[in-house]
$ cat work-v2.cif   # mmCIF, C-alpha atoms and all ligand atoms
data_protein
#
loop_
_atom_site.label_atom_id
_atom_site.label_comp_id
_atom_site.auth_asym_id
_atom_site.auth_seq_id
_atom_site.Cartn_x
_atom_site.Cartn_y
_atom_site.Cartn_z
CA MET A 1 0.00 0.00 0.00
CA SER A 2 1.42 3.35 -0.86
CA SER A 3 1.09 6.41 1.34
CA GLY A 4 0.35 8.54 -1.68
CA ASN A 5 -2.80 6.55 -2.29
CA VAL A 6 -5.44 8.87 -0.88
CA GLN A 7 -8.40 7.25 0.88
CA GLU A 8 -7.81 3.71 -0.20
CA LYS A 9 -10.76 1.71 1.17
CA ALA A 10 -9.66 -0.82 3.73
CA ILE A 11 -11.09 -3.56 5.94
CA ALA A 12 -9.47 -4.11 9.35
CA VAL A 13 -9.45 -7.66 10.68
CA GLY A 14 -8.82 -8.78 14.25
CA LEU A 15 -8.80 -12.18 15.87
CA ALA A 16 -10.20 -12.69 19.38
CA LEU A 17 -8.66 -15.64 21.19
CA PRO A 18 -9.53 -16.92 24.67
CA THR A 19 -6.41 -15.14 25.91
CA VAL A 20 -7.37 -11.87 24.17
CA PRO A 21 -10.88 -10.72 25.02
CA ARG A 22 -13.05 -8.99 22.48
CA ASN A 23 -12.83 -5.49 24.02
CA VAL A 24 -9.03 -5.63 23.84
CA VAL A 25 -9.21 -6.72 20.19
CA GLU A 26 -11.57 -3.81 19.56
CA GLU A 27 -9.15 -1.34 21.12
CA HIS A 28 -6.31 -2.79 19.09
CA LEU A 29 -8.41 -2.45 15.94
CA ASP A 30 -9.07 1.19 16.82
CA GLU A 31 -5.34 1.70 16.85
CA LEU A 32 -5.01 -0.21 13.58
CA GLU A 33 -7.63 2.10 12.11
CA LYS A 34 -5.52 5.11 13.14
CA LEU A 35 -2.51 3.52 11.51
CA ILE A 36 -4.48 2.94 8.31
CA GLU A 37 -5.62 6.57 8.35
CA THR A 38 -2.07 7.74 8.93
CA SER A 39 -1.10 5.78 5.87
CA GLY A 40 -3.77 7.45 3.73
CA GLY A 41 -6.50 4.82 3.85
CA VAL A 42 -10.00 4.77 5.28
CA VAL A 43 -11.50 1.85 7.19
CA VAL A 44 -14.94 1.00 5.80
CA GLU A 45 -15.57 -2.01 8.03
CA LYS A 46 -13.98 -3.90 10.89
CA VAL A 47 -14.23 -7.68 11.01
CA PHE A 48 -13.81 -9.67 14.20
CA ALA A 49 -13.05 -13.35 14.11
CA LYS A 50 -13.36 -15.50 17.20
CA ARG A 51 -11.49 -18.76 17.57
CA THR A 52 -9.98 -20.93 20.24
CA ALA A 53 -6.70 -20.91 18.31
CA PRO A 54 -5.43 -19.27 15.10
CA ASP A 55 -5.93 -21.31 11.94
CA ALA A 56 -2.58 -22.45 10.57
CA ALA A 57 -3.51 -21.89 6.92
CA THR A 58 -5.56 -18.68 7.03
CA TRP A 59 -5.21 -17.31 10.59
CA ILE A 60 -8.96 -16.56 10.88
CA GLY A 61 -10.28 -19.78 9.32
CA LYS A 62 -11.64 -20.57 5.87
CA GLY A 63 -15.24 -19.60 6.66
CA LYS A 64 -14.22 -16.21 8.05
CA ALA A 65 -11.98 -15.62 5.06
CA GLU A 66 -15.03 -16.15 2.83
CA HIS A 67 -16.87 -13.61 4.97
CA VAL A 68 -14.05 -11.08 4.48
CA LYS A 69 -14.28 -11.73 0.75
CA ALA A 70 -17.97 -10.79 0.80
CA VAL A 71 -17.25 -7.64 2.84
CA VAL A 72 -14.51 -6.63 0.40
CA GLU A 73 -16.86 -7.07 -2.55
CA ARG A 74 -19.67 -5.15 -0.87
CA HIS A 75 -17.44 -2.11 -0.26
CA HIS A 76 -15.17 -2.47 -3.29
CA ALA A 77 -12.30 -2.34 -0.84
CA ALA A 78 -8.76 -2.50 -2.14
CA LEU A 79 -7.00 -3.52 1.01
CA VAL A 80 -7.42 -5.89 3.96
CA VAL A 81 -5.22 -5.32 7.00
CA PHE A 82 -4.79 -7.97 9.69
CA ASP A 83 -3.94 -6.77 13.16
CA ASP A 84 -1.59 -9.71 13.75
CA ASP A 85 1.43 -10.87 11.83
CA LEU A 86 0.61 -13.29 9.04
CA SER A 87 3.11 -15.84 7.85
CA PRO A 88 3.98 -15.54 4.14
CA ALA A 89 1.93 -18.70 3.50
CA GLN A 90 -1.11 -17.38 5.36
CA ALA A 91 -1.06 -14.13 3.39
CA ARG A 92 -0.77 -16.14 0.19
CA ASN A 93 -3.69 -18.39 1.13
CA LEU A 94 -5.85 -15.43 2.09
CA GLU A 95 -5.13 -13.64 -1.16
CA ARG A 96 -6.37 -16.70 -3.02
CA VAL A 97 -9.78 -16.21 -1.39
CA ILE A 98 -9.97 -12.45 -0.91
CA PRO A 99 -9.96 -10.21 -4.02
CA ALA A 100 -7.88 -7.45 -2.45
CA LYS A 101 -4.37 -6.80 -1.24
CA VAL A 102 -3.83 -8.60 2.07
CA ILE A 103 -1.25 -7.19 4.46
CA ASP A 104 -0.56 -7.31 8.18
CA ARG A 105 0.12 -4.71 10.82
CA SER A 106 3.88 -4.99 10.36
CA ALA A 107 3.66 -4.28 6.64
CA LEU A 108 1.44 -1.29 7.35
CA ILE A 109 3.84 0.15 9.92
CA LEU A 110 6.76 -0.40 7.56
CA ASP A 111 4.81 1.46 4.89
CA ILE A 112 4.19 4.41 7.21
CA PHE A 113 7.83 4.51 8.21
CA ALA A 114 8.87 4.40 4.55
CA GLY A 115 6.62 7.36 3.81
CA ARG A 116 7.93 9.37 6.77
CA ALA A 117 11.65 8.70 6.91
CA ARG A 118 13.62 11.82 6.05
CA SER A 119 17.18 11.59 7.27
CA ARG A 120 19.62 9.32 5.53
CA GLU A 121 19.87 7.16 8.61
CA ALA A 122 16.10 6.72 8.99
CA ARG A 123 15.72 5.94 5.29
CA THR A 124 18.46 3.35 5.46
CA GLN A 125 16.94 1.78 8.56
CA VAL A 126 13.49 1.58 6.99
CA GLU A 127 14.71 0.15 3.71
CA LEU A 128 16.66 -2.49 5.59
CA ALA A 129 13.59 -3.44 7.61
CA GLN A 130 11.45 -3.58 4.46
CA LEU A 131 13.87 -5.85 2.63
CA GLU A 132 14.15 -8.17 5.60
CA TYR A 133 10.38 -8.34 5.68
CA ILE A 134 10.18 -9.00 1.96
CA LEU A 135 12.92 -11.63 1.71
CA PRO A 136 10.92 -14.62 3.02
CA ARG A 137 7.91 -13.44 1.02
CA LEU A 138 9.64 -13.40 -2.33
CA THR A 139 8.20 -16.84 -3.10
CA ARG A 140 4.87 -15.13 -3.37
CA GLN A 141 5.79 -13.27 -6.52
CA TRP A 142 7.33 -16.38 -7.89
CA SER A 143 4.15 -18.42 -7.43
CA HIS A 144 2.19 -15.70 -9.21
CA LEU A 145 4.71 -15.68 -12.01
CA SER A 146 4.75 -19.42 -12.40
CA ARG A 147 0.97 -19.59 -12.42
CA GLN A 148 0.79 -16.95 -15.11
CA ALA A 149 3.46 -18.71 -17.09
CA GLY A 150 1.49 -21.92 -17.01
CA GLY A 151 3.03 -24.06 -14.29
CA ILE A 152 4.79 -27.28 -15.25
CA GLY A 153 7.80 -26.80 -17.42
CA THR A 154 8.29 -23.18 -16.48
CA ARG A 155 9.07 -23.91 -12.85
CA GLY A 156 12.80 -24.08 -13.44
CA VAL A 157 12.72 -20.60 -14.94
CA GLY A 158 10.74 -19.27 -12.01
CA GLU A 159 13.11 -20.78 -9.50
CA THR A 160 16.08 -19.25 -11.20
CA GLN A 161 14.42 -15.88 -11.20
CA LEU A 162 13.60 -16.31 -7.53
CA GLU A 163 17.20 -17.12 -6.72
CA ILE A 164 18.31 -14.03 -8.60
CA ASP A 165 15.78 -11.87 -6.79
CA ARG A 166 16.85 -13.24 -3.44
CA ARG A 167 20.49 -12.61 -4.18
CA ILE A 168 19.78 -9.03 -5.19
CA VAL A 169 17.85 -8.46 -1.99
CA ARG A 170 20.54 -10.09 0.17
CA ASN A 171 23.26 -7.99 -1.43
CA ARG A 172 21.27 -4.85 -0.86
CA ILE A 173 20.69 -5.84 2.76
CA SER A 174 24.38 -6.28 3.46
CA HIS A 175 25.13 -3.01 1.68
CA LEU A 176 22.59 -1.20 3.87
CA LYS A 177 24.00 -2.81 7.00
CA ASP A 178 27.45 -1.48 6.08
CA ASP A 179 25.97 1.97 5.57
CA LEU A 180 24.32 1.87 8.96
CA ARG A 181 27.54 0.82 10.64
CA ARG A 182 29.31 3.80 9.11
CA ILE A 183 26.55 6.20 10.16
CA GLU A 184 26.67 4.73 13.66
CA GLN A 185 30.44 5.27 13.86
CA SER A 186 30.24 8.94 12.96
CA ARG A 187 27.46 9.29 15.48
CA GLN A 188 29.62 7.78 18.19
CA THR A 189 32.31 10.31 17.40
CA GLN A 190 29.77 13.09 17.83
CA ARG A 191 28.63 11.54 21.07
CA LYS A 192 32.18 11.56 22.44
CA SER A 193 32.69 15.17 21.48
CA ARG A 194 29.86 16.14 23.77
CA ALA A 195 30.82 13.95 26.69
CA ALA A 196 30.60 16.92 29.08
CA THR A 197 26.97 17.45 28.12
CA PHE A 198 24.04 16.16 30.13
CA THR A 199 21.65 14.41 27.75
CA VAL A 200 17.94 13.91 28.32
CA ALA A 201 16.05 11.54 26.00
CA ILE A 202 12.28 11.76 25.62
CA VAL A 203 10.76 8.35 24.88
CA GLY A 204 7.28 6.83 24.98
CA TYR A 205 4.34 5.42 23.08
CA THR A 206 3.54 7.06 19.76
CA ASN A 207 1.36 10.17 20.09
CA ALA A 208 2.10 10.47 23.84
CA GLY A 209 3.26 14.05 23.38
CA LYS A 210 7.04 13.60 23.18
CA SER A 211 7.62 16.22 20.50
CA THR A 212 5.30 18.68 22.23
CA LEU A 213 7.35 18.28 25.40
CA PHE A 214 10.58 18.51 23.39
CA ASN A 215 9.39 21.86 22.06
CA ARG A 216 8.61 23.01 25.61
CA LEU A 217 12.07 22.16 26.85
CA THR A 218 13.98 23.53 23.86
CA SER A 219 13.55 26.46 21.53
CA GLY A 220 11.15 24.25 19.58
CA GLY A 221 10.99 23.21 15.97
CA ALA A 222 9.89 19.57 16.25
CA VAL A 223 6.72 18.57 14.46
CA ALA A 224 3.95 17.62 16.89
CA GLU A 225 0.78 16.23 15.35
CA ASP A 226 -2.18 14.10 16.24
CA LYS A 227 -0.83 11.30 14.08
CA LEU A 228 0.94 8.07 14.84
CA PHE A 229 4.66 8.23 14.13
CA ALA A 230 4.79 11.95 13.41
CA THR A 231 8.43 11.72 14.49
CA LEU A 232 10.80 9.29 12.81
CA ASP A 233 14.16 10.91 13.32
CA ALA A 234 15.85 11.22 16.65
CA ARG A 235 16.41 14.95 17.00
CA SER A 236 18.52 16.73 19.55
CA GLN A 237 18.69 20.33 20.63
CA ARG A 238 20.04 22.44 23.49
CA ALA A 239 17.67 22.87 26.41
CA ALA A 240 16.13 26.32 26.62
CA PHE A 241 15.98 26.39 30.43
CA GLU A 242 18.75 27.36 32.83
CA ALA A 243 20.61 24.26 33.88
CA PRO A 244 23.72 23.60 35.96
CA ARG A 245 25.33 21.75 33.06
CA PRO A 246 25.07 22.12 29.26
CA THR A 247 21.94 20.13 28.51
CA VAL A 248 20.75 18.50 25.31
CA ILE A 249 17.23 17.16 24.84
CA ILE A 250 16.62 14.27 22.42
CA ASP A 251 13.26 13.55 20.78
CA THR A 252 12.75 9.97 19.58
CA VAL A 253 10.58 7.61 17.54
CA GLY A 254 7.53 6.35 19.41
CA PHE A 255 6.82 2.82 20.55
CA ILE A 256 3.79 0.83 19.47
CA ARG A 257 2.47 -2.59 20.36
CA LYS A 258 3.51 -5.37 18.01
CA LEU A 259 6.24 -3.25 16.50
CA PRO A 260 7.65 -5.27 13.58
CA HIS A 261 10.77 -6.94 14.86
CA HIS A 262 12.72 -5.94 11.75
CA LEU A 263 12.03 -2.36 12.64
CA VAL A 264 13.12 -2.87 16.22
CA ALA A 265 16.41 -4.25 14.99
CA SER A 266 16.89 -1.51 12.40
CA PHE A 267 16.09 1.31 14.78
CA ARG A 268 18.14 -0.13 17.57
CA SER A 269 21.09 2.17 17.01
CA THR A 270 18.85 5.24 17.08
CA MET A 271 17.20 4.06 20.26
CA GLU A 272 20.51 3.08 21.75
CA GLU A 273 21.71 6.62 21.50
CA ALA A 274 18.61 7.72 23.33
CA VAL A 275 19.02 5.11 26.02
CA ALA A 276 22.66 6.06 26.48
CA ALA A 277 21.34 9.41 27.69
CA ASP A 278 22.01 10.49 31.26
CA LEU A 279 18.29 10.72 31.88
CA VAL A 280 15.32 9.16 30.12
CA LEU A 281 11.89 10.80 30.30
CA HIS A 282 9.22 8.17 29.68
CA VAL A 283 6.16 10.11 28.51
CA ILE A 284 2.75 8.53 29.10
CA ASP A 285 -0.51 9.91 27.71
CA VAL A 286 -2.85 9.53 30.69
CA SER A 287 -5.84 10.63 28.64
CA HIS A 288 -5.57 7.46 26.57
CA PRO A 289 -7.92 4.62 27.60
CA GLN A 290 -5.03 2.18 27.33
CA TYR A 291 -2.34 4.24 28.96
CA GLU A 292 -1.49 1.47 31.46
CA ASP A 293 -0.78 -0.89 28.57
CA GLN A 294 1.18 1.74 26.72
CA ARG A 295 3.23 2.41 29.81
CA ALA A 296 3.94 -1.33 30.19
CA ILE A 297 5.03 -1.56 26.53
CA GLY A 298 7.37 1.38 27.05
CA GLU A 299 8.82 -0.21 30.15
CA GLU A 300 9.38 -3.45 28.32
CA VAL A 301 11.20 -1.78 25.43
CA LEU A 302 13.37 0.22 27.82
CA GLY A 303 14.11 -2.94 29.77
CA ASP A 304 15.09 -4.76 26.55
CA LEU A 305 17.38 -1.92 25.64
CA GLY A 306 19.02 -2.18 29.04
CA VAL A 307 18.04 1.16 30.54
CA ALA A 308 18.47 1.12 34.32
CA ARG A 309 15.31 2.10 36.16
CA ASP A 310 17.03 4.81 38.15
CA ARG A 311 17.75 6.68 34.93
CA ILE A 312 14.06 6.84 34.01
CA ILE A 313 11.57 9.49 35.10
CA GLU A 314 7.96 8.72 34.23
CA VAL A 315 6.12 11.79 32.98
CA TYR A 316 2.33 11.59 32.97
CA ASN A 317 1.23 13.91 30.18
CA LYS A 318 -2.01 15.48 28.90
CA THR A 319 -3.39 16.11 32.39
CA ASP A 320 -5.33 19.08 30.96
CA ARG A 321 -7.71 16.69 29.25
CA ALA A 322 -10.98 15.86 30.92
CA ASP A 323 -10.39 12.16 30.47
CA ALA A 324 -7.22 12.48 32.53
CA VAL A 325 -8.79 13.59 35.80
CA HIS A 326 -8.63 10.08 37.21
CA ILE A 327 -4.89 10.51 37.57
CA ARG A 328 -3.99 11.15 41.14
CA ARG A 329 -0.70 9.36 41.44
CA ARG A 330 1.29 11.14 44.07
CA VAL A 331 4.59 9.59 43.09
CA ALA A 332 4.42 10.45 39.43
CA LEU A 333 5.22 13.64 37.68
CA THR A 334 2.08 14.94 35.99
CA LEU A 335 2.02 17.75 33.48
CA SER A 336 0.54 19.11 30.30
CA ALA A 337 3.08 19.59 27.55
CA LEU A 338 0.38 21.44 25.62
CA THR A 339 -0.50 24.10 28.22
CA GLY A 340 2.86 24.00 29.97
CA ARG A 341 1.30 23.33 33.37
CA GLY A 342 3.65 21.24 35.52
CA VAL A 343 6.61 21.58 33.14
CA ASP A 344 8.44 23.70 35.73
CA ARG A 345 8.39 20.75 38.14
CA LEU A 346 9.89 18.53 35.47
CA ILE A 347 12.65 21.07 34.92
CA VAL A 348 13.39 21.04 38.66
CA ALA A 349 13.60 17.26 38.50
CA ILE A 350 15.98 17.41 35.53
CA ARG A 351 18.18 19.94 37.32
CA ASP A 352 18.28 17.76 40.41
CA ARG A 353 19.51 14.88 38.32
CA GLU A 354 22.18 17.03 36.77
CA LEU A 355 23.48 17.99 40.16
CA ARG A 356 23.61 14.45 41.44
CA GLY A 357 27.10 13.11 41.61
CA GLY A 358 28.56 16.55 42.04
CA GLU A 359 28.27 19.98 43.59
CA VAL A 360 28.08 23.54 42.43
CA MET A 361 31.09 25.26 44.03
CA GLN A 362 32.21 28.85 44.23
CA LEU A 363 35.95 28.95 44.05
CA GLU A 364 38.70 31.48 44.11
CA PHE A 365 42.14 30.67 42.77
CA PRO A 366 45.21 32.86 43.09
CA HIS A 367 46.69 33.47 39.65
CA HIS A 368 49.70 31.22 40.27
CA GLU A 369 47.39 28.18 40.58
CA SER A 370 47.01 28.06 36.82
CA ARG A 371 47.56 24.30 36.62
CA LEU A 372 44.77 23.61 39.05
CA LEU A 373 42.60 26.04 37.15
CA ALA A 374 43.25 24.14 33.94
CA LYS A 375 42.36 20.93 35.74
CA LEU A 376 39.10 22.46 36.91
CA HIS A 377 38.18 23.41 33.36
CA ASP A 378 38.96 19.86 32.34
CA VAL A 379 36.77 18.01 34.76
CA SER A 380 33.95 20.41 35.61
CA GLU A 381 31.29 22.60 34.12
CA VAL A 382 32.28 26.21 34.54
CA HIS A 383 29.28 28.51 34.79
CA GLU A 384 30.93 31.82 35.52
CA GLN A 385 34.43 33.16 35.63
CA GLN A 386 35.57 36.52 36.90
CA ILE A 387 39.15 37.67 36.75
CA THR A 388 40.31 40.21 39.31
CA ASP A 389 43.77 41.59 40.03
CA HIS A 390 44.46 38.95 42.64
CA ALA A 391 42.49 35.93 41.66
CA VAL A 392 40.14 34.07 39.40
CA ARG A 393 36.63 33.60 40.77
CA ILE A 394 34.69 30.72 39.40
CA THR A 395 31.28 29.14 39.84
CA ALA A 396 31.33 25.58 38.57
CA TRP A 397 29.62 22.23 38.86
CA VAL A 398 32.29 19.84 40.08
CA PRO A 399 31.87 16.05 39.97
CA GLN A 400 32.08 14.27 43.33
CA SER A 401 35.34 12.58 42.39
CA ALA A 402 37.12 15.91 41.94
CA ILE A 403 35.71 17.97 44.81
CA HIS A 404 38.65 17.18 47.12
CA LEU A 405 41.04 18.79 44.62
CA PHE A 406 39.39 22.16 44.91
CA GLU A 407 37.95 22.21 48.43
CA ASN A 408 40.71 24.45 49.75
CA PHE A 409 39.73 27.15 47.30
CA SER A 410 36.04 27.11 48.08
CA ILE A 411 34.65 30.47 49.19
CA THR A 412 31.16 29.26 49.99
CA ASN A 413 29.26 26.05 50.19
CA SER A 414 25.79 27.49 50.17
CA LEU A 415 25.00 26.04 46.76
CA LYS A 416 25.19 22.42 47.82
CA SER A 417 23.55 19.99 45.52
CA VAL A 418 20.66 17.68 46.14
CA LYS A 419 22.38 14.52 47.33
CA VAL A 420 21.68 11.15 45.77
CA SER A 421 18.78 9.68 47.66
N1 LIG B 1 -4.54 17.99 25.32
C1 LIG B 1 -3.25 17.76 25.20
N2 LIG B 1 -2.75 17.39 24.01
C2 LIG B 1 -1.42 17.15 23.92
C3 LIG B 1 -0.54 17.29 25.03
N3 LIG B 1 0.70 16.99 24.62
C4 LIG B 1 0.61 16.66 23.31
N4 LIG B 1 -0.67 16.77 22.87
C5 LIG B 1 -1.19 16.51 21.52
O1 LIG B 1 -1.02 15.14 21.22
C6 LIG B 1 -0.71 14.97 19.83
C7 LIG B 1 0.58 14.21 19.68
O2 LIG B 1 1.63 15.01 20.17
P1 LIG B 1 3.12 14.80 19.70
O3 LIG B 1 3.97 15.72 20.52
O4 LIG B 1 3.25 14.85 18.23
O5 LIG B 1 3.33 13.29 20.19
P2 LIG B 1 4.61 12.34 19.96
O6 LIG B 1 4.75 11.52 21.19
O7 LIG B 1 5.78 13.15 19.54
O8 LIG B 1 4.06 11.45 18.76
P3 LIG B 1 4.87 10.64 17.61
O9 LIG B 1 6.05 11.44 17.20
O10 LIG B 1 3.85 10.53 16.54
O11 LIG B 1 5.23 9.33 18.21
C8 LIG B 1 -0.67 16.37 19.25
O12 LIG B 1 -1.91 16.66 18.66
C9 LIG B 1 -0.42 17.26 20.47
O13 LIG B 1 -0.93 18.57 20.31
C10 LIG B 1 -1.11 17.71 26.27
O14 LIG B 1 -0.45 17.86 27.30
N5 LIG B 1 -2.45 17.92 26.29
MG MG B 2 6.91 13.10 17.89
#

$ encode --input "work-v2.cif" --output "structure tokens"
Amino acid sequence: MSSGNVQEKAIAVGLALPTVPRNVVEEHLDELEKLIETSGGVVVEKVFAKRTAPDAATWIGKGKAEHVKAVVERHHAALVVFDDDLSPAQARNLERVIPAKVIDRSALILDIFAGRARSREARTQVELAQLEYILPRLTRQWSHLSRQAGGIGTRGVGETQLEIDRRIVRNRISHLKDDLRRIEQSRQTQRKSRAATFTVAIVGYTNAGKSTLFNRLTSGGAVAEDKLFATLDARSQRAAFEAPRPTVIIDTVGFIRKLPHHLVASFRSTMEEAVAADLVLHVIDVSHPQYEDQRAIGEEVLGDLGVARDRIIEVYNKTDRADAVHIRRRVALTLSALTGRGVDRLIVAIRDRELRGGEVMQLEFPHHESRLLAKLHDVSEVHEQQITDHAVRITAWVPQSAIHLFENFSITNSLKSVKVS
């Protein structure tokens, strides 16, 4: 399905299993509908199948597939999207019955990403994920070809073609992987060059309000929209608020349930940069009926990526919305990125984190202590420096490990940091 295809008529199909109750399937289909809209389609009907177990050949069962066929014909729909991943064989079997393009949630998400990716890195990551998705499905084209060509006798030709296609795809995949490695290396160099910087990554479910918050904390410029996956490129910018250390905020790609695993792998490097941040803000949209689920998905992804819990601050967003009044969690940080209410408390929390592991000191060095002064510039964050006839006066954030070096030159200790709790 192409994103340029305006208002392609689509049918959304979900399967309710004993382990997945109907209302959950309905909520998942609502999300699938949003994804289809994001991709330029319109859902004309939703079909629910109910089974004790998925059908191996058609996922929803032969009878239900016939039903989908009738629905497709009634609406003249061009596309059928399954909420769950279909095996290549299942998709093939379904397309034999249903006179429309049959895709699954993963293919749809890949399509959206392909339409949105802008930076070279994001484009490379998406193309890699698409090819890895396509590779095991290449047989599909071949079976179409061989049927058209008349079957027996032409099979050898088809197989050869298939082998060629596969080789082309595999070559392209390894080429893209090389590209990504190179991009990742130059990114690591950049990362090192800003080692003194405190980095804050904003992560969370898609549409949670990450970019809106990013714009609040920086001078703005990120696109924030009521769309899934409005952001595809990790973006970083200096914080606009006063902070004890130079601070960079990073906006990231959102999470979603059942994220295609090829995409997870391809976007890993982008996410890894975010999770290497000093602090991770996990944004949760409390106005969403499934915010608990979304929070759990976020936690799982962060856990998989190896982010330590003590580096995460949960930020409960969209508290201005009427459907968010139920939130009365005393431990959590609640705010509205849209109205700005509560953002000041988040900034205080970020500053506290920056100060942990060090202290803001006011120091005075006689001019002959130039070596120590150089050392200070090396290991700390200098906020202010004043040169008088007799001395150099400095306000700086000094890491715990270096405080003893400068203690003798301290002129006040009134600006003590918040200690690690
Ligand atoms: N009412 C309300 N709406 C908000 C708030 N924060 C964000 N929004 C809206 O929620 C929608 C999504 O916001 P984004 O900032 O684009 O969300 P995101 O997490 O960056 O989304 P993706 O990049 O698509 O993953 C937009 O329409 C925002 O205006 C908030 O605090 N209150
Ligand atoms: Mg965004």

$ closest_atom_pairs --input "work-v2.cif" --of "chain A" --to "ligand LIG 1 (chain B)" --cutoff "6 Å" --atoms "all atoms listed in the file" --output "Markdown table"
| residue | atom | partner | partner_atom | distance |
| --- | --- | --- | --- | --- |
| A:Thr206 | CA | B:LIG1 | O11 | 3.2 |
| A:Asn207 | CA | B:LIG1 | O8 | 3.3 |
| A:Ala208 | CA | B:LIG1 | O6 | 3.9 |
| A:Gly209 | CA | B:LIG1 | O5 | 3.3 |
| A:Lys210 | CA | B:LIG1 | O6 | 3.7 |
| A:Ser211 | CA | B:LIG1 | O3 | 3.7 |
| A:Thr212 | CA | B:LIG1 | O3 | 3.7 |
| A:Ala224 | CA | B:LIG1 | O4 | 3.2 |
| A:Glu225 | CA | B:LIG1 | O4 | 4.0 |
| A:Asp226 | CA | B:LIG1 | O12 | 3.5 |
| A:Lys227 | CA | B:LIG1 | O10 | 5.3 |
| A:Leu228 | CA | B:LIG1 | O10 | 4.2 |
| A:Phe229 | CA | B:LIG1 | O10 | 3.4 |
| A:Ala230 | CA | B:LIG1 | O10 | 3.6 |
| A:Thr231 | CA | B:LIG1 | O9 | 3.6 |
| A:Val253 | CA | B:LIG1 | O11 | 5.7 |
| A:Gly254 | CA | B:LIG1 | O11 | 4.0 |
| A:Asn317 | CA | B:LIG1 | O14 | 5.2 |
| A:Lys318 | CA | B:LIG1 | O14 | 3.3 |
| A:Asp320 | CA | B:LIG1 | N5 | 5.6 |
| A:Arg321 | CA | B:LIG1 | N1 | 5.2 |
| A:Ser336 | CA | B:LIG1 | O14 | 3.4 |
| A:Ala337 | CA | B:LIG1 | O14 | 3.9 |
| A:Leu338 | CA | B:LIG1 | O14 | 4.0 |

$ closest_residue --input "work-v2.cif" --among "A:Leu305, A:Val97, A:Ile109, A:Phe82" --to "Gly63 (chain A)" --atoms "all atoms listed in the file"
A:Val97

$ axis_aligned_box --input "work-v2.cif" --around "region 216-226 of chain A" --padding-each-side "6 Å" --output "lines of an AutoDock Vina configuration file"
center_x = 5.9
center_y = 20.3
center_z = 20.7
size_x = 28.2
size_y = 24.4
size_z = 24.4

$ atom_distance --input "work-v2.cif" --atom1 "CA of Phe409 (chain A)" --atom2 "CA of Pro246 (chain A)"
23.8 Å

$ closest_residue --input "work-v2.cif" --among "A:Ala276, A:Ile250, A:Leu128, A:Leu213" --to "Asn171 (chain A)" --atoms "all atoms listed in the file"
A:Leu128

$ residues_around --input "work-v2.cif" --residues "region 236-243 of chain A" --least-positions-apart "2" --cutoff "10 Å" --atoms "all atoms listed in the file" --output "CSV table (one decimal) with C-alpha atoms, keeping the file's coordinate frame"
chain,number,residue,atom,x,y,z
A,197,THR,CA,27.0,17.4,28.1
A,198,PHE,CA,24.0,16.2,30.1
A,199,THR,CA,21.6,14.4,27.8
A,200,VAL,CA,17.9,13.9,28.3
A,201,ALA,CA,16.0,11.5,26.0
A,214,PHE,CA,10.6,18.5,23.4
A,215,ASN,CA,9.4,21.9,22.1
A,216,ARG,CA,8.6,23.0,25.6
A,217,LEU,CA,12.1,22.2,26.8
A,218,THR,CA,14.0,23.5,23.9
A,219,SER,CA,13.6,26.5,21.5
A,220,GLY,CA,11.2,24.2,19.6
A,221,GLY,CA,11.0,23.2,16.0
A,222,ALA,CA,9.9,19.6,16.2
A,233,ASP,CA,14.2,10.9,13.3
A,234,ALA,CA,15.8,11.2,16.6
A,245,ARG,CA,25.3,21.8,33.1
A,246,PRO,CA,25.1,22.1,29.3
A,247,THR,CA,21.9,20.1,28.5
A,248,VAL,CA,20.8,18.5,25.3
A,249,ILE,CA,17.2,17.2,24.8
A,250,ILE,CA,16.6,14.3,22.4
A,251,ASP,CA,13.3,13.6,20.8
A,252,THR,CA,12.8,10.0,19.6
A,274,ALA,CA,18.6,7.7,23.3
A,344,ASP,CA,8.4,23.7,35.7
A,347,ILE,CA,12.6,21.1,34.9
A,348,VAL,CA,13.4,21.0,38.7
A,350,ILE,CA,16.0,17.4,35.5
A,351,ARG,CA,18.2,19.9,37.3
A,352,ASP,CA,18.3,17.8,40.4
A,354,GLU,CA,22.2,17.0,36.8
A,355,LEU,CA,23.5,18.0,40.2
A,383,HIS,CA,29.3,28.5,34.8
